[in-house]
file coords08.txt (compact mmCIF, C-alpha atoms and all ligand atoms)
# COMPACT_ATOMS: atom_id res chain seq x y z
CA MET X 169 131.33 114.35 101.79
CA ALA X 170 130.14 112.27 98.82
CA ASN X 171 128.26 109.97 101.19
CA GLU X 172 126.62 112.91 102.92
CA VAL X 173 125.39 114.31 99.62
CA ILE X 174 124.01 110.92 98.59
CA GLU X 175 122.32 110.42 101.97
CA LYS X 176 120.77 113.89 101.72
CA ARG X 177 119.46 113.24 98.23
CA ASN X 178 118.08 109.82 99.21
CA ALA X 179 116.21 111.32 102.16
CA LEU X 180 114.78 114.09 99.96
CA LEU X 181 113.70 111.62 97.27
CA ALA X 182 112.13 109.35 99.88
CA LYS X 183 110.19 112.28 101.34
CA THR X 184 108.71 113.02 97.91
CA VAL X 185 107.89 109.37 97.22
CA ILE X 186 106.33 108.87 100.67
CA SER X 187 104.05 111.82 100.09
CA ASN X 188 102.98 110.29 96.76
CA LEU X 189 102.51 106.84 98.33
CA GLU X 190 100.30 108.33 101.05
CA LYS X 191 98.12 109.99 98.40
CA ARG X 192 97.63 106.45 97.06
CA HIS X 193 96.61 105.20 100.54
CA PHE X 194 99.80 103.26 101.21
CA GLU X 195 101.36 103.51 104.66
CA ALA X 196 104.95 104.61 104.01
CA TYR X 197 108.19 105.04 105.91
CA TYR X 198 111.80 105.95 105.21
CA CYS X 199 114.74 104.22 106.88
CA PRO X 200 118.25 105.36 105.89
CA THR X 201 119.75 101.89 106.47
CA THR X 202 118.70 98.26 106.14
CA ALA X 203 119.31 97.81 109.89
CA GLU X 204 116.72 100.52 110.62
CA ALA X 205 114.35 99.07 108.02
CA LEU X 206 114.58 95.70 109.72
CA GLN X 207 113.58 97.24 113.07
CA LYS X 208 110.74 99.20 111.44
CA ALA X 209 109.34 96.04 109.80
CA LEU X 210 109.43 94.17 113.11
CA GLN X 211 107.74 97.12 114.83
CA LEU X 212 104.90 96.98 112.32
CA ILE X 213 104.14 93.30 113.01
CA PRO X 214 102.40 92.68 116.35
CA GLU X 215 103.56 89.70 118.41
CA GLY X 216 101.57 86.54 117.75
CA SER X 217 100.87 87.42 114.10
CA SER X 218 101.18 84.87 111.34
CA VAL X 219 103.86 85.89 108.83
CA GLY X 220 104.89 84.64 105.41
CA TRP X 221 107.02 85.98 102.58
CA GLY X 222 107.85 85.80 98.92
CA GLY X 223 111.10 84.85 97.21
CA SER X 224 112.82 88.17 97.88
CA VAL X 225 116.61 88.43 98.11
CA THR X 226 116.30 91.77 99.95
CA ILE X 227 114.36 90.49 102.96
CA ARG X 228 116.72 87.55 103.41
CA GLU X 229 119.96 89.56 102.99
CA MET X 230 118.84 92.22 105.48
CA GLY X 231 118.21 89.50 108.08
CA LEU X 232 114.46 90.08 108.31
CA THR X 233 113.36 86.47 107.76
CA LYS X 234 115.86 85.27 110.38
CA ALA X 235 114.72 87.94 112.86
CA ILE X 236 111.08 86.91 112.39
CA HIS X 237 111.96 83.29 113.15
CA GLU X 238 113.58 84.44 116.40
CA ARG X 239 110.44 86.22 117.63
CA ASN X 240 106.99 85.26 118.75
CA TYR X 241 105.33 84.82 115.36
CA THR X 242 103.69 81.93 113.53
CA VAL X 243 105.98 81.64 110.53
CA ILE X 244 105.08 80.17 107.15
CA ASP X 245 108.54 79.66 105.65
CA ARG X 246 108.53 78.33 102.11
CA ASP X 247 112.33 78.03 102.31
CA LEU X 248 111.91 75.05 104.64
CA ALA X 249 109.85 73.04 102.14
CA LYS X 250 111.31 69.67 101.19
CA SER X 251 109.56 69.30 97.84
CA PRO X 252 108.02 71.47 95.12
CA GLU X 253 104.60 70.27 96.30
CA GLU X 254 105.31 71.47 99.84
CA THR X 255 106.60 74.79 98.51
CA ALA X 256 103.34 75.29 96.61
CA GLU X 257 101.32 74.38 99.71
CA LEU X 258 103.23 76.88 101.86
CA GLN X 259 102.83 79.55 99.16
CA ARG X 260 99.06 78.97 99.35
CA LYS X 261 99.16 79.23 103.14
CA CYS X 262 100.97 82.57 102.84
CA LEU X 263 97.82 83.96 101.22
CA THR X 264 95.94 83.76 104.52
CA THR X 265 98.58 85.20 106.85
CA ASP X 266 98.27 88.37 108.92
CA TYR X 267 101.43 89.79 107.30
CA PHE X 268 103.15 89.05 104.00
CA ILE X 269 106.64 90.44 103.44
CA THR X 270 108.12 91.13 100.05
CA SER X 271 110.42 93.48 98.19
CA THR X 272 109.36 95.12 94.96
CA ASN X 273 110.96 94.88 91.52
CA ALA X 274 110.51 98.61 90.98
CA MET X 275 108.58 101.64 92.21
CA SER X 276 107.94 104.90 90.39
CA GLU X 277 108.58 108.26 92.04
CA ASP X 278 104.84 108.85 92.03
CA GLY X 279 104.31 105.76 94.17
CA ILE X 280 103.32 102.91 91.85
CA LEU X 281 104.72 99.44 92.54
CA VAL X 282 105.70 97.10 89.69
CA ASN X 283 106.29 93.41 90.26
CA ILE X 284 106.89 90.42 87.99
CA ASP X 285 106.51 86.76 88.81
CA GLY X 286 106.78 83.34 87.23
CA ASN X 287 103.98 81.47 88.98
CA GLY X 288 102.36 84.52 90.55
CA ASN X 289 102.24 83.54 94.24
CA ARG X 290 103.95 86.76 95.33
CA LEU X 291 101.76 88.91 93.11
CA ALA X 292 98.64 87.15 94.39
CA ALA X 293 99.63 87.98 97.98
CA ILE X 294 100.29 91.62 97.12
CA CYS X 295 96.83 91.88 95.50
CA PHE X 296 94.64 90.04 97.98
CA GLY X 297 94.75 87.56 100.83
CA PRO X 298 97.18 88.51 103.59
CA LYS X 299 95.64 91.13 105.87
CA ASN X 300 98.76 93.29 105.61
CA VAL X 301 101.64 93.47 103.15
CA ILE X 302 105.03 94.96 104.01
CA VAL X 303 107.09 96.00 101.00
CA ILE X 304 110.80 96.73 101.42
CA CYS X 305 112.09 98.95 98.62
CA GLY X 306 115.78 99.83 98.24
CA ILE X 307 116.44 103.33 96.91
CA ASN X 308 117.96 101.69 93.79
CA LYS X 309 114.51 100.50 92.74
CA ILE X 310 112.88 103.91 92.54
CA THR X 311 112.44 105.07 88.96
CA GLN X 312 111.39 108.32 87.37
CA ASN X 313 108.01 107.11 86.14
CA LEU X 314 105.84 104.03 85.58
CA ASP X 315 107.33 103.22 82.16
CA ALA X 316 110.81 103.22 83.68
CA ALA X 317 109.58 101.04 86.57
CA ILE X 318 108.15 98.45 84.16
CA SER X 319 111.35 98.59 82.13
CA ARG X 320 113.46 98.11 85.26
CA ALA X 321 111.39 95.15 86.42
CA ARG X 322 111.37 93.47 83.01
CA PHE X 323 114.79 94.24 81.61
CA THR X 324 117.03 94.67 84.66
CA ALA X 325 115.56 92.77 87.61
CA ALA X 326 114.11 89.78 85.75
CA PRO X 327 117.25 88.70 83.82
CA ILE X 328 119.26 88.93 87.05
CA ASN X 329 116.60 87.05 88.99
CA ALA X 330 116.61 84.31 86.36
CA GLY X 331 120.17 83.51 87.41
CA ARG X 332 118.90 82.42 90.84
CA PHE X 333 116.85 79.55 89.49
CA ASP X 334 117.51 76.27 87.73
CA ILE X 335 115.55 77.24 84.64
CA LYS X 336 116.03 77.33 80.90
CA THR X 337 115.37 80.84 79.66
CA PRO X 338 117.24 82.83 77.00
CA CYS X 339 118.15 85.55 79.51
CA LYS X 340 120.18 83.02 81.47
CA VAL X 341 122.39 82.57 78.41
CA SER X 342 122.71 86.16 77.18
CA GLY X 343 122.01 88.27 80.31
CA LYS X 344 119.29 90.21 78.49
CA CYS X 345 115.56 89.79 78.15
CA HIS X 346 114.33 88.14 74.95
CA ASN X 347 110.65 88.62 75.74
CA CYS X 348 110.44 84.84 75.86
CA THR X 349 107.48 82.51 76.20
CA SER X 350 109.58 79.71 77.66
CA PRO X 351 107.77 77.24 79.94
CA ASP X 352 110.27 78.36 82.60
CA CYS X 353 109.61 82.07 82.03
CA ILE X 354 109.80 84.02 85.29
CA CYS X 355 107.87 86.91 83.72
CA SER X 356 104.45 85.29 83.35
CA GLU X 357 102.60 88.02 85.19
CA VAL X 358 103.23 91.73 85.64
CA LEU X 359 101.47 93.46 88.53
CA ILE X 360 101.00 97.22 88.72
CA THR X 361 99.84 98.31 92.16
CA ARG X 362 98.45 101.83 91.86
CA THR X 363 96.83 102.18 95.27
CA SER X 364 96.44 100.30 98.53
CA ARG X 365 92.91 99.08 98.97
CA PRO X 366 91.90 98.84 101.78
CA ALA X 367 93.85 101.94 102.78
CA ASN X 368 97.09 101.17 104.64
CA ARG X 369 96.93 97.43 103.93
CA VAL X 370 100.17 97.79 101.98
CA LYS X 371 103.00 99.35 103.98
CA VAL X 372 106.08 100.46 102.07
CA ILE X 373 109.46 100.89 103.76
CA ILE X 374 111.92 102.77 101.56
CA VAL X 375 115.54 102.03 102.45
CA GLY X 376 118.20 104.64 101.72
CA GLU X 377 120.62 101.94 100.52
CA ASP X 378 120.71 99.65 97.52
CA CYS X 379 118.82 96.43 98.31
CA GLY X 380 118.40 93.49 95.97
CA PHE X 381 118.37 94.05 92.25
S1 LIG X 401 113.97 86.22 78.64
FE1 LIG X 401 112.00 85.48 79.44
S2 LIG X 401 112.40 84.93 81.59
FE2 LIG X 401 114.13 86.14 80.88
S3 LIG X 401 113.66 88.21 81.54
FE3 LIG X 401 112.89 88.01 79.44
S4 LIG X 401 110.75 87.35 79.57
FE4 LIG X 401 111.74 87.06 81.58
call {"tool": "encode", "arguments": {"input": "coords08.txt", "output": "structure tokens", "more": "lines below"}}
Ligand code: SF4
result
Amino acid sequence: MANEVIEKRNALLAKTVISNLEKRHFEAYYCPTTAEALQKALQLIPEGSSVGWGGSVTIREMGLTKAIHERNYTVIDRDLAKSPEETAELQRKCLTTDYFITSTNAMSEDGILVNIDGNGNRLAAICFGPKNVIVICGINKITQNLDAAISRARFTAAPINAGRFDIKTPCKVSGKCHNCTSPDCICSEVLITRTSRPANRVKVIIVGEDCGF
């Protein structure tokens, strides 16, 4: 019963958010599960396309990067780089792909995406470069408004994300954001994506499950 009520609410919330995303010229979809979201993402990418991605936990955990490797795509996989220089080179190559896949750090109910990055490669790709961007957004990342989305990205997602990297930032020690200016800061840039321009370049798949953090 509890699950049914949650599923119903998630579907209703997604319907509202999709309507708001479409008003902002995003293409938008709702998938109740990550398995369905994976199939939807693959459906959106025509065979033969070049595909790259950002450093998202969501797209790896849901099996999307693996599934892309198994299909007929030209894959730019930064995870296969053997040096920081090669990683940077592959990140640059991702900017000219047909499709770039990422999650989002937060999204407001009225359809605004908020993302934070250390060196900005993911944000650059969301803004301009790849012909299409597919954003996977777990229901846990939808917030009431833009202020709450920025707060989520900065004070919830970023300190957790910091734990993934070998960096020296105060949040790694205390678990909370100290608004640092460390050379290792993973919050160098904050991107607010209000609309998709050109229309439908950015395609958002809302998943009715928690994905990433
Ligand atoms: S302490 Fe620095 S790196 Fe950590 S979340 Fe805050 S601004 Fe980002």
call {"tool": "residues_near_ligand", "arguments": {"input": "coords08.txt", "ligand": "ligand LIG 401 (chain X)", "cutoff": "10 Å", "atoms": "only C-alpha atoms and all ligand atoms", "output": "ChimeraX atom specification"}}
result
/X:284-286,321-331,335-357
call {"tool": "atom_distance", "arguments": {"input": "coords08.txt", "atom1": "CA of Lys183 (chain X)", "atom2": "CA of Glu195 (chain X)"}}
result
12.9 Å
call {"tool": "residues_around", "arguments": {"input": "coords08.txt", "residues": "Arg365 (chain X)", "least_positions_apart": "5", "cutoff": "12 Å", "atoms": "all atoms listed in the file", "output": "list of chain:residue names"}}
result
X:Arg192, X:His193, X:Phe194, X:Glu195, X:Ile294, X:Cys295, X:Phe296, X:Gly297, X:Lys299, X:Asn300, X:Val301, X:Val370, X:Lys371
call {"tool": "residues_around", "arguments": {"input": "coords08.txt", "residues": "Ala205 (chain X)", "least_positions_apart": "3", "cutoff": "8 Å", "atoms": "only C-alpha atoms", "output": "PyMOL selection string"}}
result
chain X and resi 198-202+208-209+304+373-375
call {"tool": "residues_around", "arguments": {"input": "coords08.txt", "residues": "region 216-221 of chain X", "least_positions_apart": "6", "cutoff": "7 Å", "atoms": "only C-alpha atoms", "output": "PyMOL selection string"}}
result
chain X and resi 240-245+262+265-270
call {"tool": "axis_aligned_box", "arguments": {"input": "coords08.txt", "around": "region 291-302 of chain X", "padding_each_side": "3 Å", "output": "JSON"}}
result
{"center_x": 99.8, "center_y": 91.1, "center_z": 99.5, "size_x": 16.4, "size_y": 13.8, "size_z": 18.8}
call {"tool": "closest_residue", "arguments": {"input": "coords08.txt", "among": "X:Gly222, X:Gly231, X:Pro366, X:Gly279", "to": "Ala292 (chain X)", "atoms": "all atoms listed in the file"}}
result
X:Gly222
call {"tool": "closest_residue", "arguments": {"input": "coords08.txt", "among": "X:Ser271, X:Ser276, X:Ser224, X:Thr264", "to": "Gly306 (chain X)", "atoms": "only C-alpha atoms"}}
result
X:Ser271
call {"tool": "closest_residue", "arguments": {"input": "coords08.txt", "among": "X:Met230, X:Leu189, X:Cys305, X:Ala249", "to": "Ala367 (chain X)", "atoms": "all atoms listed in the file"}}
result
X:Leu189
call {"tool": "atom_distance", "arguments": {"input": "coords08.txt", "atom1": "CA of Asn287 (chain X)", "atom2": "CA of Pro252 (chain X)"}}
result
12.4 Å
call {"tool": "atom_distance", "arguments": {"input": "coords08.txt", "atom1": "CA of Thr361 (chain X)", "atom2": "CA of Ala274 (chain X)"}}
result
10.7 Å
call {"tool": "residues_near_point", "arguments": {"input": "coords08.txt", "point": "(125.5, 109.2, 93.4)", "cutoff": "12 Å", "atoms": "all atoms listed in the file", "output": "ChimeraX atom specification"}}
result
/X:169-178,307-308,376-378
call {"tool": "closest_residue", "arguments": {"input": "coords08.txt", "among": "X:Ser187, X:Thr233, X:Ser251, X:Asn273", "to": "Thr311 (chain X)", "atoms": "only C-alpha atoms"}}
result
X:Asn273
call {"tool": "closest_residue", "arguments": {"input": "coords08.txt", "among": "X:Gln259, X:Val358, X:Leu248, X:Ile302", "to": "Gln211 (chain X)", "atoms": "only C-alpha atoms"}}
result
X:Ile302
call {"tool": "closest_residue", "arguments": {"input": "coords08.txt", "among": "X:Leu291, X:Tyr197, X:Gly380, X:Glu190", "to": "Leu359 (chain X)", "atoms": "only C-alpha atoms"}}
result
X:Leu291
call {"tool": "residues_around", "arguments": {"input": "coords08.txt", "residues": "Asp278 (chain X)", "least_positions_apart": "2", "cutoff": "9 Å", "atoms": "all atoms listed in the file", "output": "tab-separated table (two decimals) with C-alpha atoms, in the coordinates of the input"}}
result
chain	number	residue	atom	x	y	z
X	184	THR	CA	108.71	113.02	97.91
X	185	VAL	CA	107.89	109.37	97.22
X	186	ILE	CA	106.33	108.87	100.67
X	187	SER	CA	104.05	111.82	100.09
X	188	ASN	CA	102.98	110.29	96.76
X	189	LEU	CA	102.51	106.84	98.33
X	275	MET	CA	108.58	101.64	92.21
X	276	SER	CA	107.94	104.90	90.39
X	280	ILE	CA	103.32	102.91	91.85
X	312	GLN	CA	111.39	108.32	87.37
X	313	ASN	CA	108.01	107.11	86.14
X	314	LEU	CA	105.84	104.03	85.58
